[in-house]
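Trainee: Got a structure for you, input-v5.tsv, holding TSV, C-alpha atoms and all ligand atoms.
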chain	number	residue	atom	x	y	z
A	1069	MET	CA	115.92	104.61	98.88
A	1070	THR	CA	115.98	102.63	95.64
A	1071	ASP	CA	117.00	103.82	92.15
A	1072	PRO	CA	113.73	105.20	90.66
A	1073	THR	CA	114.81	104.29	87.10
A	1074	GLN	CA	114.98	100.58	87.89
A	1075	ASN	CA	112.87	97.98	89.62
A	1076	THR	CA	114.64	96.95	92.81
A	1077	ARG	CA	113.34	93.63	94.02
A	1078	ILE	CA	114.04	91.08	96.70
A	1079	LEU	CA	114.00	87.41	95.76
A	1080	LEU	CA	113.88	84.39	98.01
A	1081	ALA	CA	117.36	82.94	97.47
A	1082	SER	CA	117.02	79.87	99.69
A	1083	ARG	CA	114.58	78.47	102.22
A	1084	PRO	CA	115.43	79.48	105.80
A	1085	HIS	CA	116.29	76.77	108.30
A	1086	GLY	CA	115.11	78.37	111.53
A	1087	GLU	CA	115.27	82.14	111.70
A	1088	PRO	CA	115.48	83.85	108.28
A	1089	THR	CA	118.78	85.65	107.65
A	1090	SER	CA	120.00	88.02	104.93
A	1091	ASP	CA	121.56	84.98	103.17
A	1092	ASN	CA	118.06	83.73	102.37
A	1093	PHE	CA	117.40	86.77	100.13
A	1094	THR	CA	118.91	88.37	97.05
A	1095	ILE	CA	118.41	91.98	96.11
A	1096	GLU	CA	118.65	92.93	92.44
A	1097	ALA	CA	117.81	95.77	90.06
A	1098	VAL	CA	116.02	94.97	86.79
A	1099	PRO	CA	114.16	97.06	84.19
A	1100	ILE	CA	110.80	98.45	85.25
A	1101	PRO	CA	108.07	96.10	83.97
A	1102	VAL	CA	105.63	97.14	81.24
A	1103	PRO	CA	101.86	96.77	81.76
A	1104	ALA	CA	99.71	95.01	79.16
A	1105	GLU	CA	96.10	95.84	78.27
A	1106	GLY	CA	93.94	95.73	81.43
A	1107	GLU	CA	96.97	96.18	83.69
A	1108	VAL	CA	98.57	99.00	85.65
A	1109	LEU	CA	102.18	99.80	86.49
A	1110	LEU	CA	102.51	100.46	90.21
A	1111	ARG	CA	105.16	102.26	92.24
A	1112	THR	CA	105.35	100.75	95.71
A	1113	ILE	CA	104.88	103.20	98.56
A	1114	TYR	CA	104.46	100.78	101.50
A	1115	LEU	CA	105.23	97.08	101.73
A	1116	SER	CA	103.41	95.24	104.50
A	1117	LEU	CA	105.49	92.72	106.46
A	1118	ASP	CA	103.37	90.00	108.07
A	1119	PRO	CA	104.17	86.80	109.98
A	1120	TYR	CA	102.46	84.59	107.34
A	1121	MET	CA	105.42	85.31	105.05
A	1122	ARG	CA	107.53	82.89	107.10
A	1123	GLY	CA	105.22	80.10	105.96
A	1124	ARG	CA	105.60	81.17	102.32
A	1125	MET	CA	109.39	80.85	102.66
A	1126	SER	CA	108.99	77.21	103.61
A	1127	ALA	CA	108.25	74.27	101.32
A	1128	ALA	CA	106.11	72.60	104.00
A	1129	LYS	CA	102.55	71.96	102.86
A	1130	SER	CA	100.23	74.73	104.05
A	1131	TYR	CA	97.03	76.57	103.15
A	1132	ALA	CA	98.88	78.57	100.47
A	1133	ALA	CA	101.60	77.62	97.98
A	1134	PRO	CA	105.15	78.61	98.94
A	1135	VAL	CA	107.15	81.32	97.18
A	1136	GLU	CA	109.43	79.54	94.73
A	1137	VAL	CA	113.15	80.00	95.32
A	1138	GLY	CA	114.48	82.59	92.86
A	1139	THR	CA	111.21	84.54	92.69
A	1140	VAL	CA	110.06	87.80	94.26
A	1141	MET	CA	108.87	87.56	97.87
A	1142	GLN	CA	105.13	88.03	98.05
A	1143	GLY	CA	103.44	90.71	100.08
A	1144	GLY	CA	100.66	93.24	100.29
A	1145	THR	CA	101.51	96.74	99.10
A	1146	VAL	CA	100.09	100.22	98.92
A	1147	ALA	CA	101.13	101.69	95.60
A	1148	GLU	CA	100.67	104.58	93.19
A	1149	VAL	CA	99.49	104.03	89.63
A	1150	ILE	CA	102.13	105.48	87.34
A	1151	GLU	CA	100.84	104.02	84.08
A	1152	SER	CA	97.35	102.70	83.40
A	1153	ARG	CA	96.13	100.49	80.59
A	1154	ASP	CA	92.68	100.13	82.10
A	1155	ALA	CA	89.91	102.72	82.11
A	1156	SER	CA	89.05	102.06	85.77
A	1157	LEU	CA	92.30	103.52	87.12
A	1158	GLN	CA	94.13	106.78	86.46
A	1159	VAL	CA	97.74	107.82	86.90
A	1160	GLY	CA	98.11	109.09	90.48
A	1161	ASP	CA	95.51	106.77	91.97
A	1162	VAL	CA	96.65	104.98	95.12
A	1163	VAL	CA	95.72	101.32	95.38
A	1164	LEU	CA	95.94	98.30	97.63
A	1165	SER	CA	97.84	95.64	95.71
A	1166	PHE	CA	99.85	92.47	96.16
A	1167	THR	CA	102.99	93.24	94.18
A	1168	GLY	CA	105.45	91.96	96.79
A	1169	TRP	CA	108.94	92.96	97.86
A	1170	GLN	CA	109.80	95.25	94.93
A	1171	SER	CA	109.77	98.93	94.07
A	1172	TYR	CA	107.60	98.55	90.94
A	1173	GLY	CA	105.04	95.94	89.99
A	1174	VAL	CA	102.45	95.23	87.34
A	1175	ALA	CA	98.97	94.07	88.30
A	1176	ALA	CA	95.66	93.47	86.61
A	1177	ALA	CA	93.46	96.48	87.37
A	1178	LYS	CA	90.71	94.16	88.57
A	1179	HIS	CA	93.04	92.71	91.21
A	1180	VAL	CA	93.80	95.99	92.97
A	1181	ARG	CA	91.52	98.19	95.09
A	1182	LYS	CA	91.52	101.96	94.74
A	1183	LEU	CA	91.98	103.78	98.06
A	1184	ASP	CA	90.53	107.12	99.09
A	1185	PRO	CA	93.34	109.00	100.87
A	1186	THR	CA	90.82	111.51	102.26
A	1187	LEU	CA	89.09	108.81	104.32
A	1188	ALA	CA	92.10	107.36	106.18
A	1189	PRO	CA	95.90	107.31	105.84
A	1190	ILE	CA	96.70	105.00	102.91
A	1191	SER	CA	98.97	102.79	105.04
A	1192	THR	CA	95.96	101.68	107.12
A	1193	ALA	CA	94.82	99.62	104.10
A	1194	VAL	CA	97.37	96.97	105.08
A	1195	GLY	CA	96.88	97.48	108.83
A	1196	VAL	CA	93.96	98.41	111.00
A	1197	LEU	CA	91.60	98.82	108.02
A	1198	GLY	CA	93.13	95.91	106.12
A	1199	MET	CA	94.00	92.25	106.52
A	1200	PRO	CA	95.24	92.34	110.16
A	1201	GLY	CA	92.28	94.40	111.37
A	1202	PHE	CA	89.90	92.13	109.50
A	1203	THR	CA	91.54	89.03	111.00
A	1204	ALA	CA	90.93	90.42	114.48
A	1205	TYR	CA	87.34	91.38	113.71
A	1206	ALA	CA	86.25	88.15	112.04
A	1207	GLY	CA	88.15	85.78	114.32
A	1208	LEU	CA	86.99	87.46	117.50
A	1209	LEU	CA	83.36	88.04	116.57
A	1210	GLU	CA	82.69	84.84	114.62
A	1211	ILE	CA	84.69	82.34	116.69
A	1212	GLY	CA	85.31	84.10	120.01
A	1213	ARG	CA	81.81	85.58	120.25
A	1214	PRO	CA	82.59	87.67	123.37
A	1215	GLN	CA	79.61	88.53	125.56
A	1216	PRO	CA	79.34	91.62	127.79
A	1217	GLY	CA	81.19	91.04	131.05
A	1218	GLU	CA	83.21	88.09	129.75
A	1219	THR	CA	87.00	88.02	129.92
A	1220	VAL	CA	88.91	88.05	126.64
A	1221	VAL	CA	92.66	87.43	126.69
A	1222	VAL	CA	94.79	88.10	123.63
A	1223	ALA	CA	98.43	87.28	122.90
A	1224	ALA	CA	100.80	89.41	120.78
A	1225	ALA	CA	98.47	92.17	121.94
A	1226	ALA	CA	100.64	95.07	120.78
A	1227	GLY	CA	100.64	93.88	117.16
A	1228	PRO	CA	98.06	94.92	114.56
A	1229	VAL	CA	95.90	91.83	115.08
A	1230	GLY	CA	96.10	91.67	118.88
A	1231	SER	CA	95.62	95.38	119.52
A	1232	ALA	CA	92.46	95.35	117.42
A	1233	VAL	CA	91.19	92.19	119.17
A	1234	GLY	CA	91.45	93.77	122.62
A	1235	GLN	CA	89.83	97.02	121.56
A	1236	ILE	CA	86.97	95.30	119.73
A	1237	ALA	CA	86.42	93.07	122.77
A	1238	ARG	CA	85.97	96.20	124.87
A	1239	ILE	CA	83.67	97.76	122.28
A	1240	LYS	CA	81.53	94.63	122.68
A	1241	GLY	CA	81.45	95.07	126.47
A	1242	ALA	CA	83.99	92.40	127.45
A	1243	ARG	CA	87.03	92.78	129.74
A	1244	ALA	CA	90.24	92.78	127.70
A	1245	VAL	CA	93.52	91.39	128.99
A	1246	GLY	CA	96.48	91.87	126.66
A	1247	ILE	CA	99.75	89.95	126.75
A	1248	ALA	CA	102.84	91.50	125.15
A	1249	GLY	CA	106.61	91.53	125.46
A	1250	GLY	CA	108.20	94.36	127.45
A	1251	PRO	CA	107.16	97.43	129.47
A	1252	ASP	CA	106.73	99.79	126.51
A	1253	LYS	CA	104.19	97.53	124.83
A	1254	VAL	CA	102.41	96.96	128.15
A	1255	ALA	CA	102.20	100.74	128.72
A	1256	TRP	CA	100.74	101.26	125.25
A	1257	LEU	CA	98.06	98.62	125.83
A	1258	GLU	CA	97.08	100.40	129.04
A	1259	GLU	CA	96.87	103.65	127.08
A	1260	LEU	CA	94.54	101.92	124.60
A	1261	GLY	CA	92.18	101.02	127.44
A	1262	PHE	CA	92.92	97.32	127.93
A	1263	ASP	CA	91.64	96.42	131.42
A	1264	VAL	CA	94.95	94.70	132.21
A	1265	ALA	CA	98.18	94.40	130.23
A	1266	LEU	CA	100.82	91.79	131.09
A	1267	ASP	CA	104.43	91.23	130.11
A	1268	HIS	CA	104.99	87.59	129.08
A	1269	ARG	CA	108.74	88.04	129.64
A	1270	SER	CA	108.28	88.96	133.30
A	1271	PRO	CA	109.33	86.25	135.78
A	1272	THR	CA	105.97	86.78	137.50
A	1273	PHE	CA	103.93	86.32	134.31
A	1274	GLY	CA	102.13	83.19	135.57
A	1275	ASP	CA	101.05	84.88	138.82
A	1276	ASP	CA	100.20	88.10	136.98
A	1277	LEU	CA	97.89	86.26	134.61
A	1278	LYS	CA	96.22	84.41	137.46
A	1279	ALA	CA	95.53	87.72	139.24
A	1280	ALA	CA	94.27	89.33	136.02
A	1281	VAL	CA	91.58	86.72	135.36
A	1282	PRO	CA	89.82	86.12	138.72
A	1283	ASP	CA	86.75	84.76	136.88
A	1284	GLY	CA	88.79	82.69	134.41
A	1285	ILE	CA	89.05	83.21	130.65
A	1286	ASP	CA	86.04	82.99	128.34
A	1287	VAL	CA	87.81	83.81	125.09
A	1288	TYR	CA	91.50	83.37	124.38
A	1289	PHE	CA	92.60	84.80	121.02
A	1290	GLU	CA	95.71	82.78	120.23
A	1291	ASN	CA	98.43	84.47	118.17
A	1292	VAL	CA	101.59	82.90	119.54
A	1293	GLY	CA	101.52	79.45	121.22
A	1294	GLY	CA	104.63	78.51	123.23
A	1295	HIS	CA	104.89	79.44	126.91
A	1296	VAL	CA	102.01	81.90	126.67
A	1297	TRP	CA	99.61	79.12	125.66
A	1298	ASP	CA	100.93	76.87	128.44
A	1299	THR	CA	100.26	79.63	130.96
A	1300	VAL	CA	96.79	80.45	129.65
A	1301	LEU	CA	95.41	76.91	129.29
A	1302	PRO	CA	94.71	76.19	133.00
A	1303	HIS	CA	92.64	79.39	133.26
A	1304	LEU	CA	90.21	78.63	130.43
A	1305	ASN	CA	86.62	78.38	131.63
A	1306	THR	CA	84.14	75.69	130.68
A	1307	TYR	CA	82.86	76.48	127.18
A	1308	ALA	CA	85.76	78.88	126.53
A	1309	ARG	CA	86.36	79.71	122.88
A	1310	VAL	CA	89.85	79.88	121.39
A	1311	PRO	CA	90.12	81.48	117.95
A	1312	LEU	CA	93.45	79.97	116.86
A	1313	CYS	CA	94.77	82.70	114.62
A	1314	GLY	CA	98.54	82.24	114.68
A	1315	LEU	CA	101.45	80.45	116.37
A	1316	VAL	CA	104.29	82.86	115.79
A	1317	ALA	CA	106.37	81.39	118.65
A	1318	HIS	CA	106.74	78.26	116.50
A	1319	TYR	CA	107.25	79.63	112.98
A	1320	ASN	CA	111.05	79.33	113.09
A	1321	GLU	CA	111.07	75.91	114.72
A	1322	THR	CA	113.10	73.22	112.98
A	1323	GLU	CA	111.93	70.36	115.16
A	1324	LEU	CA	109.33	69.62	117.82
A	1325	PRO	CA	110.04	71.32	121.15
A	1326	PRO	CA	111.52	69.08	123.87
A	1327	GLY	CA	109.11	67.00	125.98
A	1328	PRO	CA	107.42	65.97	128.12
A	1329	ASP	CA	104.52	65.28	125.76
A	1330	ARG	CA	101.64	67.39	127.05
A	1331	SER	CA	99.07	66.48	124.43
A	1332	SER	CA	97.09	64.27	126.84
A	1333	ARG	CA	96.73	67.21	129.24
A	1334	LEU	CA	95.54	69.39	126.39
A	1335	MET	CA	93.03	66.82	125.13
A	1336	THR	CA	91.73	66.29	128.67
A	1337	SER	CA	91.17	70.05	129.08
A	1338	ILE	CA	89.35	70.23	125.75
A	1339	LEU	CA	87.14	67.32	126.82
A	1340	THR	CA	86.41	68.18	130.42
A	1341	LYS	CA	85.93	71.92	129.87
A	1342	SER	CA	84.07	71.55	126.57
A	1343	LEU	CA	86.53	73.93	124.91
A	1344	THR	CA	86.16	75.15	121.35
A	1345	ILE	CA	89.57	75.59	119.76
A	1346	ARG	CA	89.02	76.68	116.18
A	1347	GLY	CA	91.79	77.48	113.70
A	1348	PHE	CA	91.01	79.87	110.89
A	1349	ILE	CA	92.52	81.72	107.96
A	1350	GLN	CA	90.92	85.14	107.55
A	1351	THR	CA	90.08	84.63	103.87
A	1352	GLU	CA	87.41	82.16	104.99
A	1353	PHE	CA	85.33	85.08	106.32
A	1354	VAL	CA	85.79	87.63	103.55
A	1355	LYS	CA	82.46	86.98	101.86
A	1356	THR	CA	80.46	86.98	105.07
A	1357	HIS	CA	82.20	89.64	107.20
A	1358	TYR	CA	84.28	92.03	105.07
A	1359	THR	CA	81.62	94.63	104.35
A	1360	ALA	CA	80.55	94.85	108.01
A	1361	PHE	CA	84.23	95.08	109.03
A	1362	GLN	CA	84.90	97.98	106.68
A	1363	GLU	CA	81.90	99.91	107.97
A	1364	ASP	CA	82.53	99.20	111.66
A	1365	ALA	CA	86.31	99.66	111.61
A	1366	ALA	CA	86.14	102.91	109.64
A	1367	GLU	CA	83.61	104.29	112.10
A	1368	TRP	CA	85.58	103.14	115.17
A	1369	LEU	CA	88.74	104.64	113.72
A	1370	ARG	CA	86.97	107.94	113.06
A	1371	ASP	CA	85.42	108.18	116.52
A	1372	GLY	CA	88.66	107.12	118.24
A	1373	THR	CA	87.44	103.86	119.80
A	1374	LEU	CA	89.84	101.87	117.63
A	1375	ARG	CA	93.43	103.09	117.73
A	1376	HIS	CA	96.49	101.73	116.01
A	1377	ARG	CA	100.22	102.15	115.78
A	1378	GLU	CA	102.67	101.76	112.90
A	1379	ASP	CA	106.34	100.86	112.86
A	1380	VAL	CA	107.71	102.19	109.57
A	1381	VAL	CA	111.13	100.99	108.39
A	1382	LYS	CA	112.55	103.04	105.54
A	1383	GLY	CA	114.09	101.36	102.49
A	1384	LEU	CA	113.24	98.11	100.72
A	1385	GLU	CA	116.74	96.78	101.37
A	1386	ASN	CA	115.90	96.68	105.09
A	1387	ALA	CA	112.91	94.34	104.62
A	1388	PRO	CA	114.72	91.04	105.40
A	1389	GLU	CA	116.11	92.28	108.72
A	1390	ALA	CA	112.82	93.91	109.68
A	1391	PHE	CA	110.97	90.71	108.87
A	1392	ALA	CA	113.28	88.59	111.04
A	1393	GLY	CA	112.64	91.05	113.90
A	1394	LEU	CA	108.87	90.84	113.45
A	1395	LEU	CA	108.92	87.18	114.44
A	1396	LYS	CA	110.91	88.00	117.60
A	1397	GLY	CA	108.96	91.02	118.76
A	1398	THR	CA	111.35	93.84	117.81
A	1399	SER	CA	108.62	95.67	115.89
A	1400	PHE	CA	105.99	97.67	117.77
A	1401	GLY	CA	102.67	98.00	115.97
A	1402	LYS	CA	101.97	97.29	112.32
A	1403	LEU	CA	105.31	96.72	110.55
A	1404	LEU	CA	105.64	98.51	107.20
A	1405	VAL	CA	108.52	99.15	104.89
A	1406	GLN	CA	108.41	102.51	103.20
A	1407	VAL	CA	109.72	101.73	99.74
A	1408	GLY	CA	109.00	105.06	98.04
A	1409	ASP	CA	107.64	108.54	98.73
A	1410	ASP	CA	104.12	108.81	100.09
A	1411	PRO	CA	102.44	111.50	97.96
A	1412	THR	CA	99.60	111.81	100.47
A	1413	ARG	CA	101.88	112.87	103.32
A	1414	THR	CA	103.49	116.28	103.34
A	1415	SER	CA	106.02	115.69	106.14
B	1501	LIG	P1	102.69	91.04	115.35
B	1501	LIG	O1	103.05	92.38	114.82
B	1501	LIG	O2	101.92	90.96	116.61
B	1501	LIG	O3	104.05	90.23	115.49
B	1501	LIG	C1	104.15	89.03	116.14
B	1501	LIG	C2	104.39	89.24	117.63
B	1501	LIG	O4	104.37	87.98	118.28
B	1501	LIG	C3	105.74	89.80	117.98
B	1501	LIG	O5	105.77	91.20	117.86
B	1501	LIG	C4	105.91	89.35	119.42
B	1501	LIG	O6	105.31	90.33	120.26
B	1501	LIG	C5	105.03	88.12	119.51
B	1501	LIG	N1	105.86	86.91	119.76
B	1501	LIG	C6	106.80	86.39	118.97
B	1501	LIG	N2	107.34	85.30	119.54
B	1501	LIG	C7	106.70	85.13	120.72
B	1501	LIG	C8	106.81	84.18	121.77
B	1501	LIG	N3	107.69	83.18	121.72
B	1501	LIG	N4	105.98	84.31	122.81
B	1501	LIG	C9	105.08	85.32	122.87
B	1501	LIG	N5	104.94	86.25	121.93
B	1501	LIG	C10	105.75	86.16	120.86
B	1501	LIG	O7	101.92	90.19	114.24
B	1501	LIG	P2	100.46	90.31	113.63
B	1501	LIG	O8	99.58	91.12	114.52
B	1501	LIG	O9	100.56	90.70	112.21
B	1501	LIG	O10	99.98	88.79	113.68
B	1501	LIG	C11	99.67	88.17	114.91
B	1501	LIG	C12	99.41	86.70	114.68
B	1501	LIG	O11	98.28	86.55	113.84
B	1501	LIG	C13	100.54	85.93	114.00
B	1501	LIG	O12	100.64	84.67	114.58
B	1501	LIG	C14	100.07	85.81	112.57
B	1501	LIG	O13	100.64	84.70	111.92
B	1501	LIG	C15	98.58	85.65	112.79
B	1501	LIG	N6	97.75	86.01	111.64
B	1501	LIG	C16	96.85	85.06	111.23
B	1501	LIG	C17	95.98	85.32	110.21
B	1501	LIG	C18	94.97	84.29	109.85
B	1501	LIG	O14	94.26	84.45	108.85
B	1501	LIG	N7	94.85	83.21	110.62
B	1501	LIG	C19	96.03	86.60	109.47
B	1501	LIG	C20	96.97	87.55	110.03
B	1501	LIG	C21	97.82	87.24	111.07
B	1501	LIG	P3	105.83	90.65	121.73
B	1501	LIG	O15	106.97	91.59	121.60
B	1501	LIG	O16	104.63	91.27	122.35
B	1501	LIG	O17	106.21	89.35	122.36
Translate this file's structure into structure tokens.
Mentor:
Amino acid sequence: MTDPTQNTRILLASRPHGEPTSDNFTIEAVPIPVPAEGEVLLRTIYLSLDPYMRGRMSAAKSYAAPVEVGTVMQGGTVAEVIESRDASLQVGDVVLSFTGWQSYGVAAAKHVRKLDPTLAPISTAVGVLGMPGFTAYAGLLEIGRPQPGETVVVAAAAGPVGSAVGQIARIKGARAVGIAGGPDKVAWLEELGFDVALDHRSPTFGDDLKAAVPDGIDVYFENVGGHVWDTVLPHLNTYARVPLCGLVAHYNETELPPGPDRSSRLMTSILTKSLTIRGFIQTEFVKTHYTAFQEDAAEWLRDGTLRHREDVVKGLENAPEAFAGLLKGTSFGKLLVQVGDDPTRTS
């Protein structure tokens, strides 16, 4: 664990070319920052690692500005208030914040959200009850619009987004088919109640998918792209909806994959099957769907219909390696770095 008398932080040292490595980051210790009026000093408990961070490491134009080289890597955090210069927050409060890859951070009190540790474990604020859970909820219900009896297929199904997508699809009366890498993840999806779970690394994946969707696919929740997308595309039904949430198989690419060019086949499928392929960034739906998500997800979590899993890596210094693994499937469930003690957990 980090030195509690200093702020340990991880800076982006250079932009990765391909897979991020430890050389792309610098770790340093600096004095703990001092909050100004209206701000709070936060001690990081959990740092959330999410695939979008790969985009922030790149200078390529995207929906959000990149992290500048030489500055602290961005990221969602669950943190404890250790000094408050705002009447709305007290020392000891636990908040959802965005203080990034560091052990202490300062934030405006109005930019953090106080959590109630008696309602749910505080780490869920960056997982099933936070951004990934919301992404699943809004993308599936607003774009996928699954109907009872329809078949919903989801990629990266053992991650925080995909596992919520499959479970919400079942709550809405659809059949859920999950695609994940490896037997352990497949077994967990079966435990969660997915109707079928498939291993995309299996040599029989294509045949397995065909057998799993005898009536075709009505909704495909896309998280990965690559060979999974190629395998899914022929099975999409007329009027199928594809919430295009992420393309993690391509985030480390340095050039276009080798040919042949299949774009004409894709465009023909979109045309002849009247497909809706709709990209989205979850923030688009915050105003319209966040309140309903919080109510529904909290209830589903309480009554056990929505389950989740966390993969907790201890120590901020391990964040770069854990992040590189996230993009390759080495994590299992919502990936968190435990940066400091969790005062809400006794063991
Ligand atoms: P995950 O924890 O699911 O991690 C990504 C997973 O993708 C890996 O664990 C791995 O799982 C799988 N994967 C990686 N490479 C491949 C590949 N080549 N082929 C197939 N699967 C692969 O991440 P999240 O649940 O946090 O995020 C899921 C997706 O949602 C990401 O693409 C992310 O960028 C996107 N996202 C989009 C948001 C939006 O607003 N649009 C918001 C949040 C997330 P496995 O071991 O099973 O192969």
Trainee: May I have a table of the residues of chain A lying at most 6 Å from ligand LIG 1501 (chain B), giving each one's closest pair of atoms and their distance in Å to one decimal, counting only C-alpha atoms and all ligand atoms, ordered by chain and ascending residue number, as CSV?
Mentor:
residue,atom,partner,partner_atom,distance
A:Asp1118,CA,B:LIG1501,O9,5.1
A:Pro1119,CA,B:LIG1501,O13,4.5
A:Tyr1120,CA,B:LIG1501,O13,4.9
A:Pro1200,CA,B:LIG1501,C20,5.1
A:Thr1203,CA,B:LIG1501,C19,5.3
A:Ala1224,CA,B:LIG1501,O16,4.5
A:Ala1226,CA,B:LIG1501,O16,5.7
A:Gly1227,CA,B:LIG1501,O2,3.2
A:Pro1228,CA,B:LIG1501,O8,4.1
A:Val1229,CA,B:LIG1501,O8,3.8
A:Gly1230,CA,B:LIG1501,O8,5.6
A:Ala1248,CA,B:LIG1501,O16,3.3
A:Gly1249,CA,B:LIG1501,O16,3.7
A:Asn1291,CA,B:LIG1501,O12,4.2
A:Val1292,CA,B:LIG1501,N5,5.3
A:Gly1294,CA,B:LIG1501,N3,5.8
A:Val1296,CA,B:LIG1501,C9,6.0
A:Cys1313,CA,B:LIG1501,N7,4.0
A:Gly1314,CA,B:LIG1501,O12,3.2
A:Leu1315,CA,B:LIG1501,O12,4.7
A:Val1316,CA,B:LIG1501,O12,4.3
A:Ala1317,CA,B:LIG1501,N3,3.8
A:Phe1348,CA,B:LIG1501,N7,5.1
A:Ile1349,CA,B:LIG1501,O14,3.4
A:Gln1350,CA,B:LIG1501,O14,3.6
A:Leu1394,CA,B:LIG1501,O3,5.3
A:Leu1395,CA,B:LIG1501,C6,5.1
A:Lys1396,CA,B:LIG1501,C6,4.6
A:Gly1397,CA,B:LIG1501,O5,3.3
A:Ser1399,CA,B:LIG1501,O5,5.7
A:Gly1401,CA,B:LIG1501,O1,5.7
A:Lys1402,CA,B:LIG1501,O1,5.6
Trainee: What's around stretch 1192-1195 of chain A at 8 Å? Count all atoms listed in the file, leave out sequence neighbours fewer than 5 positions away in its own chain, and write the answer as a PyMOL selection string.
Mentor: chain A and resi 1116+1144-1146+1164+1183+1200-1201+1228+1402
Trainee: Rank nothing, just name the residue among A:Ser1231, A:Asn1386, A:Ser1191, A:Asn1305 nearest to A:Ile1078, using only C-alpha atoms.
Mentor: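 The answer is A:Asn1386, which sits nearest to A:Ile1078.
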Trainee: Let me make sure I understand: among A:Pro1084, A:Gly1173, A:Gly1168, A:Gly1138, which one has the smallest atom-to-atom distance to A:Glu1151 if we use all atoms listed in the file?
Mentor: A:Gly1173
Trainee: With all atoms listed in the file counted and 10 Å as the cut-off, give the residues of stretch 1128-1243 of chain A in contact with stretch 1264-1285 of chain A, each with its shortest interatomic distance in Å and the pair that gives it, as CSV.
Mentor:
residue,atom,partner,partner_atom,distance
A:Glu1218,CA,A:Ile1285,CA,7.7
A:Thr1219,CA,A:Ile1285,CA,5.3
A:Val1220,CA,A:Ile1285,CA,6.3
A:Val1221,CA,A:Ile1285,CA,6.8
A:Val1222,CA,A:Ala1265,CA,9.7
A:Ala1223,CA,A:His1268,CA,9.0
A:Ala1224,CA,A:His1268,CA,9.5
A:Ala1225,CA,A:Ala1265,CA,8.6
A:Ala1226,CA,A:Ala1265,CA,9.8
A:Arg1243,CA,A:Val1264,CA,8.5
